[in-house]
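J.: To be precise about what I am sending: the file is called query-v7.pdb and holds PDB, C-alpha atoms.
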ATOM      1  CA  MET A   1      -0.779  -0.110  23.488  1.00  0.00           C
ATOM      2  CA  GLY A   2       2.135   2.350  23.519  1.00  0.00           C
ATOM      3  CA  ALA A   3       1.509   5.461  25.570  1.00  0.00           C
ATOM      4  CA  GLU A   4       1.762   7.699  22.513  1.00  0.00           C
ATOM      5  CA  LEU A   5      -0.622   5.708  20.316  1.00  0.00           C
ATOM      6  CA  PRO A   6      -4.092   7.261  19.956  1.00  0.00           C
ATOM      7  CA  VAL A   7      -5.954   3.976  19.378  1.00  0.00           C
ATOM      8  CA  ASP A   8      -5.386   0.319  20.150  1.00  0.00           C
ATOM      9  CA  PRO A   9      -3.461  -1.301  17.250  1.00  0.00           C
ATOM     10  CA  ALA A  10      -5.283  -4.630  17.484  1.00  0.00           C
ATOM     11  CA  ALA A  11      -8.691  -2.976  17.532  1.00  0.00           C
ATOM     12  CA  LEU A  12      -7.738  -0.838  14.552  1.00  0.00           C
ATOM     13  CA  ARG A  13      -6.604  -3.945  12.661  1.00  0.00           C
ATOM     14  CA  GLU A  14     -10.012  -5.518  13.195  1.00  0.00           C
ATOM     15  CA  GLU A  15     -11.687  -2.363  11.890  1.00  0.00           C
ATOM     16  CA  VAL A  16      -9.435  -2.350   8.827  1.00  0.00           C
ATOM     17  CA  LYS A  17     -10.070  -6.053   8.226  1.00  0.00           C
ATOM     18  CA  SER A  18     -13.811  -5.484   8.330  1.00  0.00           C
ATOM     19  CA  LYS A  19     -13.640  -2.691   5.749  1.00  0.00           C
ATOM     20  CA  TYR A  20     -11.231  -4.365   3.348  1.00  0.00           C
ATOM     21  CA  ARG A  21     -12.823  -7.790   3.637  1.00  0.00           C
ATOM     22  CA  GLU A  22     -15.779  -6.126   1.956  1.00  0.00           C
ATOM     23  CA  VAL A  23     -13.494  -4.670  -0.737  1.00  0.00           C
ATOM     24  CA  ALA A  24     -12.259  -8.210  -1.441  1.00  0.00           C
ATOM     25  CA  ARG A  25     -15.702  -9.796  -1.507  1.00  0.00           C
ATOM     26  CA  ASN A  26     -17.707  -7.000  -3.087  1.00  0.00           C
ATOM     27  CA  PRO A  27     -15.258  -4.760  -4.977  1.00  0.00           C
ATOM     28  CA  HIS A  28     -18.017  -2.924  -6.823  1.00  0.00           C
ATOM     29  CA  GLY A  29     -19.762  -1.956  -3.597  1.00  0.00           C
ATOM     30  CA  ALA A  30     -20.141   1.550  -2.199  1.00  0.00           C
ATOM     31  CA  PHE A  31     -16.979   2.820  -0.507  1.00  0.00           C
ATOM     32  CA  HIS A  32     -15.731   6.294   0.382  1.00  0.00           C
ATOM     33  CA  PHE A  33     -12.807   5.721  -1.999  1.00  0.00           C
ATOM     34  CA  HIS A  34     -12.524   4.606  -5.605  1.00  0.00           C
ATOM     35  CA  THR A  35     -11.717   0.999  -6.409  1.00  0.00           C
ATOM     36  CA  GLY A  36     -10.665  -1.000  -9.442  1.00  0.00           C
ATOM     37  CA  ARG A  37      -9.800   0.305 -12.886  1.00  0.00           C
ATOM     38  CA  ARG A  38     -11.423   3.660 -12.132  1.00  0.00           C
ATOM     39  CA  ALA A  39      -9.096   4.177  -9.183  1.00  0.00           C
ATOM     40  CA  ALA A  40      -6.005   3.089 -11.092  1.00  0.00           C
ATOM     41  CA  ARG A  41      -6.782   5.381 -14.032  1.00  0.00           C
ATOM     42  CA  ARG A  42      -7.257   8.352 -11.697  1.00  0.00           C
ATOM     43  CA  LEU A  43      -3.889   7.676 -10.090  1.00  0.00           C
ATOM     44  CA  GLY A  44      -1.948   7.680 -13.340  1.00  0.00           C
ATOM     45  CA  TYR A  45      -1.191   4.025 -13.900  1.00  0.00           C
ATOM     46  CA  GLU A  46      -0.250   3.390 -17.511  1.00  0.00           C
ATOM     47  CA  PRO A  47      -3.517   2.752 -19.443  1.00  0.00           C
ATOM     48  CA  GLY A  48      -2.135   0.027 -21.704  1.00  0.00           C
ATOM     49  CA  MET A  49      -0.894  -1.916 -18.716  1.00  0.00           C
ATOM     50  CA  LEU A  50      -4.310  -1.609 -17.054  1.00  0.00           C
ATOM     51  CA  ASP A  51      -6.006  -2.897 -20.192  1.00  0.00           C
ATOM     52  CA  ARG A  52      -3.874  -6.033 -20.053  1.00  0.00           C
ATOM     53  CA  MET A  53      -4.809  -6.782 -16.437  1.00  0.00           C
ATOM     54  CA  PRO A  54      -7.606  -9.312 -15.874  1.00  0.00           C
ATOM     55  CA  ASP A  55     -10.548  -8.018 -13.857  1.00  0.00           C
ATOM     56  CA  ALA A  56      -9.688 -10.169 -10.852  1.00  0.00           C
ATOM     57  CA  ALA A  57      -6.249  -8.532 -10.646  1.00  0.00           C
ATOM     58  CA  ILE A  58      -7.571  -5.021 -10.431  1.00  0.00           C
ATOM     59  CA  GLU A  59     -11.179  -4.969  -9.205  1.00  0.00           C
ATOM     60  CA  SER A  60     -10.254  -4.847  -5.496  1.00  0.00           C
ATOM     61  CA  PHE A  61      -7.484  -2.279  -5.977  1.00  0.00           C
ATOM     62  CA  ALA A  62      -7.934   0.570  -3.480  1.00  0.00           C
ATOM     63  CA  GLY A  63      -4.638   2.419  -3.703  1.00  0.00           C
ATOM     64  CA  VAL A  64      -4.202   6.135  -3.146  1.00  0.00           C
ATOM     65  CA  ALA A  65      -1.404   7.078  -5.593  1.00  0.00           C
ATOM     66  CA  ASN A  66       1.135   5.356  -7.835  1.00  0.00           C
ATOM     67  CA  PRO A  67       4.221   3.962  -6.030  1.00  0.00           C
ATOM     68  CA  PHE A  68       5.970   3.384  -9.375  1.00  0.00           C
ATOM     69  CA  SER A  69       5.619   6.966 -10.581  1.00  0.00           C
ATOM     70  CA  LEU A  70       8.868   8.312  -9.127  1.00  0.00           C
ATOM     71  CA  ARG A  71      10.946   5.331 -10.233  1.00  0.00           C
ATOM     72  CA  PRO A  72      10.148   2.026 -11.942  1.00  0.00           C
ATOM     73  CA  LEU A  73      11.524  -1.241 -10.611  1.00  0.00           C
ATOM     74  CA  GLU A  74      14.510  -2.900 -12.278  1.00  0.00           C
ATOM     75  CA  ALA A  75      14.832  -6.387 -13.733  1.00  0.00           C
ATOM     76  CA  GLY A  76      15.916  -8.946 -11.178  1.00  0.00           C
ATOM     77  CA  GLU A  77      14.976  -6.946  -8.094  1.00  0.00           C
ATOM     78  CA  LYS A  78      13.507  -8.554  -4.988  1.00  0.00           C
ATOM     79  CA  VAL A  79      10.400  -6.650  -3.912  1.00  0.00           C
ATOM     80  CA  VAL A  80       8.137  -6.685  -0.872  1.00  0.00           C
ATOM     81  CA  ASP A  81       4.656  -5.159  -1.107  1.00  0.00           C
ATOM     82  CA  ALA A  82       3.656  -4.128   2.407  1.00  0.00           C
ATOM     83  CA  GLY A  83      -0.113  -4.520   2.507  1.00  0.00           C
ATOM     84  CA  SER A  84      -0.574  -6.162  -0.870  1.00  0.00           C
ATOM     85  CA  GLY A  85      -4.362  -6.587  -0.793  1.00  0.00           C
ATOM     86  CA  ALA A  86      -5.617  -8.456  -3.855  1.00  0.00           C
ATOM     87  CA  GLY A  87      -2.197  -8.093  -5.459  1.00  0.00           C
ATOM     88  CA  PHE A  88      -2.571  -5.397  -8.118  1.00  0.00           C
ATOM     89  CA  ASP A  89       0.731  -3.618  -7.392  1.00  0.00           C
ATOM     90  CA  CYS A  90       2.472  -6.995  -7.001  1.00  0.00           C
ATOM     91  CA  PHE A  91       1.358  -7.968 -10.488  1.00  0.00           C
ATOM     92  CA  ILE A  92       2.755  -4.723 -11.891  1.00  0.00           C
ATOM     93  CA  ALA A  93       5.961  -5.253  -9.924  1.00  0.00           C
ATOM     94  CA  ALA A  94       6.230  -8.826 -11.227  1.00  0.00           C
ATOM     95  CA  GLN A  95       6.147  -7.560 -14.785  1.00  0.00           C
ATOM     96  CA  GLN A  96       8.759  -4.880 -14.067  1.00  0.00           C
ATOM     97  CA  VAL A  97      11.261  -7.163 -12.304  1.00  0.00           C
ATOM     98  CA  GLY A  98      10.760  -9.999 -14.794  1.00  0.00           C
ATOM     99  CA  ALA A  99      11.436 -13.691 -14.392  1.00  0.00           C
ATOM    100  CA  SER A 100      14.742 -13.088 -12.621  1.00  0.00           C
ATOM    101  CA  GLY A 101      13.066 -10.988  -9.931  1.00  0.00           C
ATOM    102  CA  THR A 102      10.840 -11.954  -7.027  1.00  0.00           C
ATOM    103  CA  VAL A 103       7.829 -10.219  -5.487  1.00  0.00           C
ATOM    104  CA  VAL A 104       6.471 -11.019  -2.035  1.00  0.00           C
ATOM    105  CA  GLY A 105       3.127  -9.552  -1.058  1.00  0.00           C
ATOM    106  CA  VAL A 106       2.350  -9.323   2.657  1.00  0.00           C
ATOM    107  CA  ASP A 107      -1.219  -8.864   3.871  1.00  0.00           C
ATOM    108  CA  MET A 108      -3.153  -9.677   7.022  1.00  0.00           C
ATOM    109  CA  LEU A 109      -6.498 -10.424   5.396  1.00  0.00           C
ATOM    110  CA  ALA A 110      -7.223 -14.026   4.391  1.00  0.00           C
ATOM    111  CA  GLU A 111      -9.779 -13.000   1.770  1.00  0.00           C
ATOM    112  CA  MET A 112      -7.263 -10.737   0.015  1.00  0.00           C
ATOM    113  CA  LEU A 113      -4.504 -13.361   0.151  1.00  0.00           C
ATOM    114  CA  GLN A 114      -6.800 -16.004  -1.298  1.00  0.00           C
ATOM    115  CA  LYS A 115      -7.836 -13.697  -4.128  1.00  0.00           C
ATOM    116  CA  ALA A 116      -4.257 -12.616  -4.869  1.00  0.00           C
ATOM    117  CA  ARG A 117      -2.958 -16.203  -4.975  1.00  0.00           C
ATOM    118  CA  ALA A 118      -5.761 -17.322  -7.298  1.00  0.00           C
ATOM    119  CA  THR A 119      -5.145 -14.398  -9.648  1.00  0.00           C
ATOM    120  CA  ALA A 120      -1.388 -15.010  -9.713  1.00  0.00           C
ATOM    121  CA  ARG A 121      -2.080 -18.608 -10.744  1.00  0.00           C
ATOM    122  CA  THR A 122      -4.494 -17.454 -13.443  1.00  0.00           C
ATOM    123  CA  MET A 123      -1.936 -14.978 -14.758  1.00  0.00           C
ATOM    124  CA  GLY A 124       0.768 -17.649 -14.730  1.00  0.00           C
ATOM    125  CA  LEU A 125       3.065 -15.565 -12.558  1.00  0.00           C
ATOM    126  CA  SER A 126       5.711 -17.744 -10.956  1.00  0.00           C
ATOM    127  CA  ASN A 127       7.750 -14.884  -9.477  1.00  0.00           C
ATOM    128  CA  VAL A 128       5.071 -13.691  -7.030  1.00  0.00           C
ATOM    129  CA  GLU A 129       4.059 -15.123  -3.687  1.00  0.00           C
ATOM    130  CA  PHE A 130       1.770 -13.899  -0.953  1.00  0.00           C
ATOM    131  CA  ARG A 131       2.380 -14.263   2.788  1.00  0.00           C
ATOM    132  CA  GLU A 132       0.098 -13.589   5.734  1.00  0.00           C
ATOM    133  CA  GLY A 133       1.412 -10.944   8.081  1.00  0.00           C
ATOM    134  CA  ILE A 134       1.151  -7.450   9.477  1.00  0.00           C
ATOM    135  CA  LEU A 135       3.282  -4.491   8.493  1.00  0.00           C
ATOM    136  CA  GLU A 136       4.699  -4.115  11.995  1.00  0.00           C
ATOM    137  CA  GLU A 137       6.146  -7.641  11.838  1.00  0.00           C
ATOM    138  CA  MET A 138       6.553  -8.826   8.261  1.00  0.00           C
ATOM    139  CA  PRO A 139       7.408 -12.472   7.457  1.00  0.00           C
ATOM    140  CA  VAL A 140      10.498 -11.486   5.473  1.00  0.00           C
ATOM    141  CA  GLY A 141      14.149 -11.963   6.390  1.00  0.00           C
ATOM    142  CA  ASP A 142      16.538  -9.200   7.390  1.00  0.00           C
ATOM    143  CA  GLY A 143      17.926  -7.306   4.403  1.00  0.00           C
ATOM    144  CA  TRP A 144      16.153  -9.519   1.863  1.00  0.00           C
ATOM    145  CA  ALA A 145      14.482  -6.826  -0.229  1.00  0.00           C
ATOM    146  CA  ASP A 146      15.940  -4.502  -2.825  1.00  0.00           C
ATOM    147  CA  VAL A 147      12.705  -2.527  -2.767  1.00  0.00           C
ATOM    148  CA  VAL A 148       9.690  -2.226  -0.490  1.00  0.00           C
ATOM    149  CA  ILE A 149       6.526  -0.861  -2.044  1.00  0.00           C
ATOM    150  CA  SER A 150       3.219  -0.038  -0.370  1.00  0.00           C
ATOM    151  CA  ASN A 151       0.039   1.719  -1.385  1.00  0.00           C
ATOM    152  CA  GLY A 152      -2.509   3.273   0.935  1.00  0.00           C
ATOM    153  CA  VAL A 153      -1.854   0.970   3.860  1.00  0.00           C
ATOM    154  CA  ILE A 154       0.623   2.670   6.185  1.00  0.00           C
ATOM    155  CA  ASN A 155      -1.962   5.347   6.985  1.00  0.00           C
ATOM    156  CA  LEU A 156      -4.116   2.548   8.399  1.00  0.00           C
ATOM    157  CA  CYS A 157      -1.411   1.530  10.893  1.00  0.00           C
ATOM    158  CA  VAL A 158      -1.377   3.393  14.175  1.00  0.00           C
ATOM    159  CA  ASP A 159       2.314   2.759  14.966  1.00  0.00           C
ATOM    160  CA  LYS A 160       3.853   4.190  11.803  1.00  0.00           C
ATOM    161  CA  LYS A 161       7.310   4.438  13.293  1.00  0.00           C
ATOM    162  CA  GLN A 162       7.318   0.682  13.920  1.00  0.00           C
ATOM    163  CA  VAL A 163       6.156   0.081  10.340  1.00  0.00           C
ATOM    164  CA  PHE A 164       9.036   2.143   8.963  1.00  0.00           C
ATOM    165  CA  ARG A 165      11.498   0.390  11.314  1.00  0.00           C
ATOM    166  CA  GLU A 166      10.243  -2.932   9.974  1.00  0.00           C
ATOM    167  CA  ILE A 167      10.605  -1.778   6.381  1.00  0.00           C
ATOM    168  CA  TRP A 168      14.150  -0.678   7.239  1.00  0.00           C
ATOM    169  CA  ARG A 169      14.837  -4.163   8.637  1.00  0.00           C
ATOM    170  CA  VAL A 170      13.742  -6.048   5.515  1.00  0.00           C
ATOM    171  CA  LEU A 171      15.547  -3.699   3.107  1.00  0.00           C
ATOM    172  CA  ARG A 172      19.143  -4.413   2.161  1.00  0.00           C
ATOM    173  CA  PRO A 173      21.648  -1.572   2.575  1.00  0.00           C
ATOM    174  CA  GLY A 174      21.132   0.669  -0.437  1.00  0.00           C
ATOM    175  CA  GLY A 175      17.568  -0.592  -0.903  1.00  0.00           C
ATOM    176  CA  ARG A 176      14.627   1.639  -1.704  1.00  0.00           C
ATOM    177  CA  LEU A 177      11.266   2.373  -0.178  1.00  0.00           C
ATOM    178  CA  GLN A 178       8.699   3.377  -2.789  1.00  0.00           C
ATOM    179  CA  PHE A 179       5.291   3.922  -1.317  1.00  0.00           C
ATOM    180  CA  ALA A 180       2.091   5.814  -1.919  1.00  0.00           C
ATOM    181  CA  ASP A 181      -0.059   7.132   0.872  1.00  0.00           C
ATOM    182  CA  ILE A 182      -2.365   9.924   1.898  1.00  0.00           C
ATOM    183  CA  ALA A 183      -1.377  13.047   3.774  1.00  0.00           C
ATOM    184  CA  ASN A 184      -3.527  15.859   5.064  1.00  0.00           C
ATOM    185  CA  GLY A 185      -2.765  19.542   4.619  1.00  0.00           C
ATOM    186  CA  LYS A 186      -4.916  20.611   7.552  1.00  0.00           C
ATOM    187  CA  PRO A 187      -4.620  19.062  11.013  1.00  0.00           C
ATOM    188  CA  VAL A 188      -7.184  16.481  12.048  1.00  0.00           C
ATOM    189  CA  PRO A 189      -8.559  17.130  15.568  1.00  0.00           C
ATOM    190  CA  ALA A 190      -7.158  14.875  18.294  1.00  0.00           C
ATOM    191  CA  SER A 191     -10.677  13.727  19.125  1.00  0.00           C
ATOM    192  CA  ALA A 192     -11.097  12.432  15.589  1.00  0.00           C
ATOM    193  CA  VAL A 193      -7.692  10.719  15.615  1.00  0.00           C
ATOM    194  CA  ALA A 194      -8.724   8.909  18.804  1.00  0.00           C
ATOM    195  CA  ASN A 195     -11.993   7.716  17.252  1.00  0.00           C
ATOM    196  CA  ILE A 196     -11.250   4.319  15.762  1.00  0.00           C
ATOM    197  CA  ASP A 197     -14.391   4.368  13.607  1.00  0.00           C
ATOM    198  CA  LEU A 198     -13.039   7.355  11.658  1.00  0.00           C
ATOM    199  CA  TRP A 199      -9.758   5.679  10.640  1.00  0.00           C
ATOM    200  CA  THR A 200     -11.470   3.780   7.832  1.00  0.00           C
ATOM    201  CA  ALA A 201     -14.365   6.184   7.184  1.00  0.00           C
TER
ATOM    202  CA  MET B 202       9.685  10.264  10.359  1.00  0.00           C
ATOM    203  CA  LEU B 203      11.470   8.591   7.417  1.00  0.00           C
ATOM    204  CA  GLU B 204      14.652  10.560   8.078  1.00  0.00           C
ATOM    205  CA  GLU B 205      14.337   9.908  11.801  1.00  0.00           C
ATOM    206  CA  ILE B 206      14.481   6.170  11.052  1.00  0.00           C
ATOM    207  CA  GLY B 207      17.567   6.716   8.882  1.00  0.00           C
ATOM    208  CA  PHE B 208      16.235   6.913   5.314  1.00  0.00           C
ATOM    209  CA  VAL B 209      17.953   9.379   3.001  1.00  0.00           C
ATOM    210  CA  ASP B 210      17.225  10.979  -0.375  1.00  0.00           C
ATOM    211  CA  VAL B 211      13.556  11.304   0.509  1.00  0.00           C
ATOM    212  CA  LYS B 212      11.425  12.554  -2.373  1.00  0.00           C
ATOM    213  CA  VAL B 213       7.716  13.303  -2.557  1.00  0.00           C
ATOM    214  CA  GLY B 214       5.879  13.362  -5.871  1.00  0.00           C
ATOM    215  CA  PRO B 215       2.926  15.462  -6.948  1.00  0.00           C
ATOM    216  CA  PRO B 216      -0.435  14.987  -5.230  1.00  0.00           C
ATOM    217  CA  ALA B 217      -3.149  12.770  -6.652  1.00  0.00           C
ATOM    218  CA  ASP B 218      -6.784  13.691  -6.135  1.00  0.00           C
ATOM    219  CA  THR B 219      -7.433  10.318  -4.581  1.00  0.00           C
ATOM    220  CA  PHE B 220     -10.938  10.995  -3.286  1.00  0.00           C
ATOM    221  CA  GLY B 221     -12.213  13.317  -6.030  1.00  0.00           C
ATOM    222  CA  GLU B 222     -15.729  12.320  -7.151  1.00  0.00           C
ATOM    223  CA  ALA B 223     -15.812   9.578  -4.495  1.00  0.00           C
ATOM    224  CA  SER B 224     -18.190   9.674  -1.551  1.00  0.00           C
ATOM    225  CA  GLY B 225     -15.275  10.550   0.700  1.00  0.00           C
ATOM    226  CA  GLU B 226     -14.495  13.714  -1.266  1.00  0.00           C
ATOM    227  CA  LYS B 227     -16.193  16.137   1.128  1.00  0.00           C
ATOM    228  CA  LYS B 228     -14.211  14.927   4.132  1.00  0.00           C
ATOM    229  CA  ALA B 229     -11.002  14.808   2.097  1.00  0.00           C
ATOM    230  CA  ARG B 230     -11.452  18.419   1.022  1.00  0.00           C
ATOM    231  CA  LEU B 231     -12.101  19.466   4.620  1.00  0.00           C
ATOM    232  CA  PHE B 232      -8.657  18.267   5.681  1.00  0.00           C
ATOM    233  CA  GLU B 233      -6.935  18.732   2.299  1.00  0.00           C
ATOM    234  CA  VAL B 234      -6.233  15.006   1.961  1.00  0.00           C
ATOM    235  CA  TYR B 235      -4.411  13.871  -1.163  1.00  0.00           C
ATOM    236  CA  GLY B 236      -2.392  10.828  -2.171  1.00  0.00           C
ATOM    237  CA  TYR B 237       1.342  11.152  -2.751  1.00  0.00           C
ATOM    238  CA  PRO B 238       4.119   8.913  -4.043  1.00  0.00           C
ATOM    239  CA  PHE B 239       7.203   8.766  -1.794  1.00  0.00           C
ATOM    240  CA  LEU B 240      10.712   7.530  -2.550  1.00  0.00           C
ATOM    241  CA  ALA B 241      13.459   7.000   0.022  1.00  0.00           C
ATOM    242  CA  ARG B 242      16.701   5.052   0.271  1.00  0.00           C
ATOM    243  CA  LYS B 243      18.328   3.033   3.028  1.00  0.00           C
ATOM    244  CA  PRO B 244      22.007   4.062   3.038  1.00  0.00           C
ATOM    245  CA  GLY B 245      24.442   1.361   2.130  1.00  0.00           C
TER
END
Could you render the structure as structure tokens?
T.:
Amino acid sequence: MGAELPVDPAALREEVKSKYREVARNPHGAFHFHTGRRAARRLGYEPGMLDRMPDAAIESFAGVANPFSLRPLEAGEKVVDAGSGAGFDCFIAAQQVGASGTVVGVDMLAEMLQKARATARTMGLSNVEFREGILEEMPVGDGWADVVISNGVINLCVDKKQVFREIWRVLRPGGRLQFADIANGKPVPASAVANIDLWTA
Amino acid sequence: MLEEIGFVDVKVGPPADTFGEASGEKKARLFEVYGYPFLARKPG
């Protein structure tokens, strides 16, 4: 663990896996955040697009804002979703970039990857793939991506600087980072930041 | 941090009330936690 990191990254990953494994398996369970269509509607995703999504594509969505709200993707772009979960934002991205584009979702949780791959097959999306990996070390080549998207995941990584360095690595020169995440207006006490149980509470 | 890494043209969109009406709302209000969209560019 780096000297400046408040919690152990590997231990935090296990905590995050435990929480989001449940979101994958039991998306209608009780969580401290919204999930599914309710979450997406609150965050301003286009209602007609949500209506066209099959339940499996959206029920485990647990994003925190809309990474497409400041700028949509363009046809033909190559996109990486850092922390793709069950794939909801990847499926939106796949529609925006079209058949000439490519979307790669990266996630560390087997249950989410399995769900995302099954849904992509059901939806007949041939321009989306999902790879196992962590945000600090993504299985994507240098400069491959035109755009990196992410939604509500970077806040769950303790070494955020390394995550942004990694995003920088996979982006081509001139590429864009479009992400959604939470930020707090009032400082969180250091004791709380050092309590790993509170990172996903 | 984004600019420290080298990103430019950093923009932040309006807040979303991510935790409103969820069970995490009370804690979110305590620390004024909201969701935001961010946009940044790698120079090239």
J.: With the file shown as input, list the residues that the PyMOL selection byres ((chain B) within 7 of (chain A)) selects, as a PyMOL selection string.
T.: chain B and resi 202+206+214+217+219-220+223-225+232-245
J.: Taking all atoms listed in the file into account, which of A:Ser84, A:Asn195, A:Ser126, A:Gln96 comes nearest Met112 of chain A?
T.: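 Of A:Ser84, A:Asn195, A:Ser126, A:Gln96, the one nearest Met112 of chain A, counting all atoms listed in the file, is A:Ser84.
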J.: Write out as a list of chain:residue names each polymer residue whose atoms come within 10 Å of segment 47-50 of chain A, counting all atoms listed in the file; drop sequence neighbours fewer than 2 positions from it.
T.: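 Contacts, with the query itself left out: A:Gly36, A:Arg37, A:Ala40, A:Arg41, A:Gly44, A:Tyr45, A:Arg52, A:Met53, A:Pro54, A:Asp55, A:Ala57, A:Ile58, A:Phe88, A:Ile92, A:Gln95.
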J.: Report as a ChimeraX atom specification the residues that result from applying the PyMOL selection byres ((chain A and resi 83) around 10) to the structure here.
T.: /A:80-82,84-87,89,105-109,112,132-135,138,149-154
J.: Could you state the separation of atom CA of Ala11 of chain A and atom CA of Leu231 of chain B in Å, given to one decimal place?
T.: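 Here the two named atoms are 26.1 Å from each other.
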J.: Report the residues retrieved by the PyMOL selection byres ((chain A and resi 99) around 10) from the displayed file, expressed as a count of residues only.
T.: 15
J.: So how far away is atom CA of Pro216 of chain B from atom CA of Ala190 of chain A, in Å?
T.: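 Computing it gives 24.5 Å between the two atoms.
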J.: For Val16 of chain A, which residue among A:Ala110, A:Ala145, A:Cys90, A:Cys157 is the nearest when counting all atoms listed in the file?
T.: A:Cys157
J.: Given 8 Å of margin on each side, can you work out the centre and size in Å (one decimal) of an axis-aligned box holding every listed atom of segment 203-222 of chain B, as AutoDock Vina command-line options?
T.:
--center_x 1.1 --center_y 10.8 --center_z 2.3 --size_x 49.7 --size_y 25.3 --size_z 35.0
J.: Please measure the separation of atom CA of Ser18 of chain A and atom CA of Leu5 of chain A, giving the value in Å to one decimal.
T.: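 Between these atoms lies a distance of 21.0 Å.
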J.: Residues at most 8 Å from Val170 of chain A, counting only C-alpha atoms, excluding those fewer than 6 positions away in the same chain, as a list in words?
T.: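 Result of the neighbour search: Val140, Gly141, Asp142, Gly143, Trp144 and Ala145 of chain A.
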J.: Go through A:Ala192, A:Ala56, A:Val163, A:Leu198 one by one, measure the shortest atom-to-atom distance of each to Ala116 of chain A using all atoms listed in the file, and give the residue with the smallest value.
T.: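 Comparing A:Ala192, A:Ala56, A:Val163, A:Leu198 against Ala116 of chain A, the winner is A:Ala56.
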J.: Since the input lacks atoms, please generate N, CA and C atoms for segment 226-244 of chain B and provide them as a short mmCIF file (atom, residue, chain, number, x, y, z; two decimals), keeping the file's coordinate frame.
T.:
data_model
loop_
_atom_site.label_atom_id
_atom_site.label_comp_id
_atom_site.auth_asym_id
_atom_site.auth_seq_id
_atom_site.Cartn_x
_atom_site.Cartn_y
_atom_site.Cartn_z
N GLU B 226 -15.10 12.46 -0.80
CA GLU B 226 -14.50 13.71 -1.27
C GLU B 226 -14.70 14.87 -0.29
N LYS B 227 -15.90 14.99 0.25
CA LYS B 227 -16.19 16.14 1.13
C LYS B 227 -15.26 16.16 2.34
N LYS B 228 -15.09 15.00 2.96
CA LYS B 228 -14.21 14.93 4.13
C LYS B 228 -12.75 15.15 3.74
N ALA B 229 -12.38 14.63 2.57
CA ALA B 229 -11.00 14.81 2.10
C ALA B 229 -10.70 16.28 1.86
N ARG B 230 -11.65 16.98 1.27
CA ARG B 230 -11.45 18.42 1.02
C ARG B 230 -11.32 19.18 2.33
N LEU B 231 -12.10 18.78 3.32
CA LEU B 231 -12.10 19.47 4.62
C LEU B 231 -10.71 19.48 5.23
N PHE B 232 -9.99 18.37 5.08
CA PHE B 232 -8.66 18.27 5.68
C PHE B 232 -7.54 18.28 4.63
N GLU B 233 -7.90 18.65 3.40
CA GLU B 233 -6.94 18.73 2.30
C GLU B 233 -6.14 17.43 2.16
N VAL B 234 -6.86 16.34 2.06
CA VAL B 234 -6.23 15.01 1.96
C VAL B 234 -6.00 14.63 0.50
N TYR B 235 -4.78 14.33 0.18
CA TYR B 235 -4.41 13.87 -1.16
C TYR B 235 -3.48 12.67 -1.04
N GLY B 236 -3.35 11.93 -2.12
CA GLY B 236 -2.39 10.83 -2.17
C GLY B 236 -1.08 11.31 -2.77
N TYR B 237 0.02 10.76 -2.27
CA TYR B 237 1.34 11.15 -2.75
C TYR B 237 2.22 9.91 -2.95
N PRO B 238 3.08 9.93 -3.96
CA PRO B 238 4.12 8.91 -4.04
C PRO B 238 5.38 9.37 -3.29
N PHE B 239 5.99 8.46 -2.56
CA PHE B 239 7.20 8.77 -1.79
C PHE B 239 8.32 7.82 -2.26
N LEU B 240 9.52 8.34 -2.22
CA LEU B 240 10.71 7.53 -2.55
C LEU B 240 11.79 7.85 -1.51
N ALA B 241 12.40 6.81 -0.97
CA ALA B 241 13.46 7.00 0.02
C ALA B 241 14.46 5.86 -0.11
N ARG B 242 15.64 6.06 0.40
CA ARG B 242 16.70 5.05 0.27
C ARG B 242 17.31 4.74 1.63
N LYS B 243 17.57 3.44 1.84
CA LYS B 243 18.33 3.03 3.03
C LYS B 243 19.81 3.13 2.68
N PRO B 244 20.58 3.90 3.40
CA PRO B 244 22.01 4.06 3.04
C PRO B 244 22.73 2.72 3.04
#
